[in-house]
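Input: a single structure, listed below in structure tokens.
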Amino acid sequence: MKIGVFDSGIGGEALAQALQKSFPSAEMFVVNDRNNVPYGDKSDIKIIELTNQAIQPLLERGCDVIVIACNTATAVAIETLRKKYPDQHFIGIEPMIKTASNQTKTNVIAVCATPATLASERYKNLVNKYASHLTIVEPDCSNWAYMIEHSEINEQEIASVINNVCERGADVIVLGCTHYHWIKERIENLTNGKASVLEPSEAIGRRVSELLG
Ligand code: DGL
């Protein structure tokens, strides 16, 4: 089984590591677009164009499935890709709003994601479908992907964002950008047990199994 994984940057590697554990015999092909990361502050047209270019090696390799391991590219580009390549299986990655909605006891959740994801129709539809009764805190994480990509993590800034969402009552924090998977433990520690932190690697693994058996 050949699994292709795409992200704008190192977020895809976090997801690919998790998938390789679930599918040890799968051949993994990971591509990223380091020349253009971050995608999260780019226009929809640009994100579609860049994603389409970046996945070409995965299409050429004949991957059984291509995981768009990027919330931003999924939110903006996956529908276009599915139409353009109807014979190719794609799996996208989206903020875990439904799970967060089932888990929250305070009815306040936080979604950490890029500006493009938060502005997208797909994200708005997810919120309308599963979380219209909740208060959703969307902190400004606009420079987090850049920080993480370049190993320039500003601990204080992250601590201040996480303290703030906890003070506002969020008891579930959704990581809606695969770059943030690399700092999940730090975020968990910062919550001091006040909030759980969700990311979808396991769910994506289950989806790959369903699709490819
Ligand atoms: N890792 C990507 C995501 O999941 C995007 C980061 C970026 O390029 O802005 O949204």
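Residue numbers start at 1 in each chain; chains themselves are named A, B, ... in the order of the structure tokens; ligands are numbered from 1 in the order shown.
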
Quiz item: Hey, which residues come within 6 Å of ligand 1 if we count only C-alpha atoms and all ligand atoms? Could you give them as a PyMOL selection string?
Solution: chain A and resi 7-8+11+37-40+70-72+114+145+177-179

Exercise. Can you pull out every residue within 12 Å of Gly193 in chain A, counting only C-alpha atoms, but drop anything in the same chain fewer than 6 positions away, and send it as JSON, numbers by chain?
Key: {"A": [162, 163, 166, 170, 171, 172, 173, 185, 187]}

Give me a file of those residues, with all heavy atoms, as a CSV table (one decimal), in the first residue's frame.
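Saved as out-v1.csv:
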chain,number,residue,atom,x,y,z
A,162,ILE,N,-2.9,30.0,25.5
A,162,ILE,CA,-3.5,28.9,26.1
A,162,ILE,C,-4.1,29.3,27.5
A,162,ILE,O,-5.3,28.9,27.8
A,162,ILE,CB,-2.5,27.7,26.3
A,162,ILE,CG1,-2.0,27.3,24.9
A,162,ILE,CG2,-3.2,26.5,27.0
A,162,ILE,CD1,-3.1,26.9,23.9
A,163,ASN,N,-3.4,30.1,28.2
A,163,ASN,CA,-4.0,30.6,29.5
A,163,ASN,C,-5.3,31.4,29.2
A,163,ASN,O,-6.3,31.2,29.9
A,163,ASN,CB,-3.0,31.6,30.2
A,163,ASN,CG,-1.9,30.8,30.8
A,163,ASN,OD1,-2.0,29.6,31.0
A,163,ASN,ND2,-0.8,31.5,31.0
A,166,CYS,N,-8.2,29.1,28.3
A,166,CYS,CA,-8.7,28.4,29.5
A,166,CYS,C,-9.5,29.3,30.4
A,166,CYS,O,-10.5,29.0,31.0
A,166,CYS,CB,-7.5,27.8,30.3
A,166,CYS,SG,-6.7,26.4,29.4
A,170,ALA,N,-12.8,27.5,28.0
A,170,ALA,CA,-12.6,26.4,27.1
A,170,ALA,C,-12.1,25.2,27.8
A,170,ALA,O,-11.1,25.2,28.5
A,170,ALA,CB,-11.7,26.8,26.0
A,171,ASP,N,-12.8,24.1,27.7
A,171,ASP,CA,-12.4,22.8,28.3
A,171,ASP,C,-11.9,21.8,27.2
A,171,ASP,O,-11.5,20.7,27.6
A,171,ASP,CB,-13.4,22.2,29.3
A,171,ASP,CG,-14.7,21.8,28.6
A,171,ASP,OD1,-14.9,22.2,27.4
A,171,ASP,OD2,-15.5,21.1,29.2
A,172,VAL,N,-12.0,22.2,26.0
A,172,VAL,CA,-11.5,21.4,24.9
A,172,VAL,C,-10.7,22.3,23.9
A,172,VAL,O,-11.3,23.4,23.5
A,172,VAL,CB,-12.5,20.6,24.1
A,172,VAL,CG1,-11.9,19.7,23.0
A,172,VAL,CG2,-13.4,19.8,25.0
A,173,ILE,N,-9.5,22.0,23.6
A,173,ILE,CA,-8.8,22.8,22.6
A,173,ILE,C,-8.5,21.9,21.4
A,173,ILE,O,-8.0,20.9,21.4
A,173,ILE,CB,-7.4,23.3,23.2
A,173,ILE,CG1,-7.7,24.1,24.4
A,173,ILE,CG2,-6.6,24.0,22.2
A,173,ILE,CD1,-6.4,24.5,25.2
A,185,GLU,N,2.1,18.4,23.3
A,185,GLU,CA,2.4,18.1,24.7
A,185,GLU,C,2.6,19.4,25.5
A,185,GLU,O,2.2,19.5,26.6
A,185,GLU,CB,3.7,17.3,24.8
A,185,GLU,CG,3.5,15.9,25.2
A,185,GLU,CD,4.8,15.1,25.3
A,185,GLU,OE1,5.6,15.5,26.1
A,185,GLU,OE2,4.9,14.2,24.5
A,187,ILE,N,1.2,22.2,24.9
A,187,ILE,CA,-0.1,22.8,25.1
A,187,ILE,C,-0.8,22.1,26.2
A,187,ILE,O,-1.4,22.7,27.1
A,187,ILE,CB,-0.9,22.8,23.8
A,187,ILE,CG1,-0.2,23.7,22.8
A,187,ILE,CG2,-2.3,23.3,24.0
A,187,ILE,CD1,-0.8,23.8,21.4

Quiz prompt | Nearby residues (only C-alpha atoms) at most 7 Å from Ala75 in chain A, same-chain spacing under 5 positions excluded, as a count of residues only | solution = 4

List as a compact mmCIF listing (two decimals) with N, CA and C atoms, in the first residue's frame the protein and nucleic acid residues near range 124-133 of chain A, meaning an atom at most 9 Å away when only C-alpha atoms are counted, but skip any in the same chain fewer than 6 places from it.
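Here's the written file out.txt:
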# COMPACT_ATOMS: atom_id res chain seq x y z
N GLU A 94 -9.48 17.86 9.08
CA GLU A 94 -10.30 19.01 9.48
C GLU A 94 -10.30 19.16 11.00
N PRO A 95 -10.52 20.37 11.48
CA PRO A 95 -10.60 20.56 12.94
C PRO A 95 -11.69 19.66 13.54
N ILE A 97 -14.23 19.44 15.35
CA ILE A 97 -15.32 20.20 15.99
C ILE A 97 -16.38 19.25 16.56
N LYS A 98 -16.68 18.18 15.82
CA LYS A 98 -17.74 17.27 16.27
C LYS A 98 -17.34 16.60 17.59
N THR A 99 -16.10 16.08 17.63
CA THR A 99 -15.63 15.43 18.86
C THR A 99 -15.58 16.43 20.01
N ALA A 100 -15.11 17.62 19.72
CA ALA A 100 -15.04 18.65 20.77
C ALA A 100 -16.42 18.96 21.30
N SER A 101 -17.37 19.02 20.40
CA SER A 101 -18.74 19.33 20.80
C SER A 101 -19.31 18.22 21.70
N ASN A 102 -18.94 16.97 21.40
CA ASN A 102 -19.40 15.86 22.25
C ASN A 102 -18.70 15.86 23.61
N ASN A 107 -19.36 23.91 27.45
CA ASN A 107 -19.92 24.46 26.21
C ASN A 107 -19.08 25.60 25.64
N LEU A 118 -9.90 29.22 9.30
CA LEU A 118 -11.01 29.81 10.07
C LEU A 118 -11.96 30.60 9.15

Quiz item: When distances are computed from only C-alpha atoms, which of A:Ala18, A:Ile78, A:Glu152, A:Val111 shows the smallest separation from Asp140 in chain A?
Solution: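 Checking each of A:Ala18, A:Ile78, A:Glu152, A:Val111 against Asp140 in chain A, counting only C-alpha atoms, the winner is A:Val111.
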
Quiz item: If you count only C-alpha atoms, which residues fall within 8 Å of range 47-54 of chain A, apart from same-chain ones fewer than 2 positions away, as number ranges by chain?
Solution: A: 6, 8, 31-33, 36, 39, 42-45, 56-57, 73, 76-77, 80-81

Exercise. Apply DSSP to the structure's backbone, then extract all residues of range 16-151 of chain A labelled strand (DSSP E) and return them as a PyMOL selection string.
Key: chain A and resi 27-31+65-68+90-92+108-113+135-137

Quiz item: Suppose you want the space between CA of Glu138 in chain A and CA of Gly169 in chain A; what is it in Å?
Solution: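 Computing the Euclidean distance for CA of Glu138 in chain A and CA of Gly169 in chain A yields 12.7 Å.
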
Quiz item: Restricting the calculation to only C-alpha atoms, which member of A:Ile136, A:Tyr146, A:Leu58, A:Gly213 is positioned closest to Arg34 in chain A?
Solution: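 Checking each candidate against Arg34 in chain A, we get A:Tyr146 as the closest.
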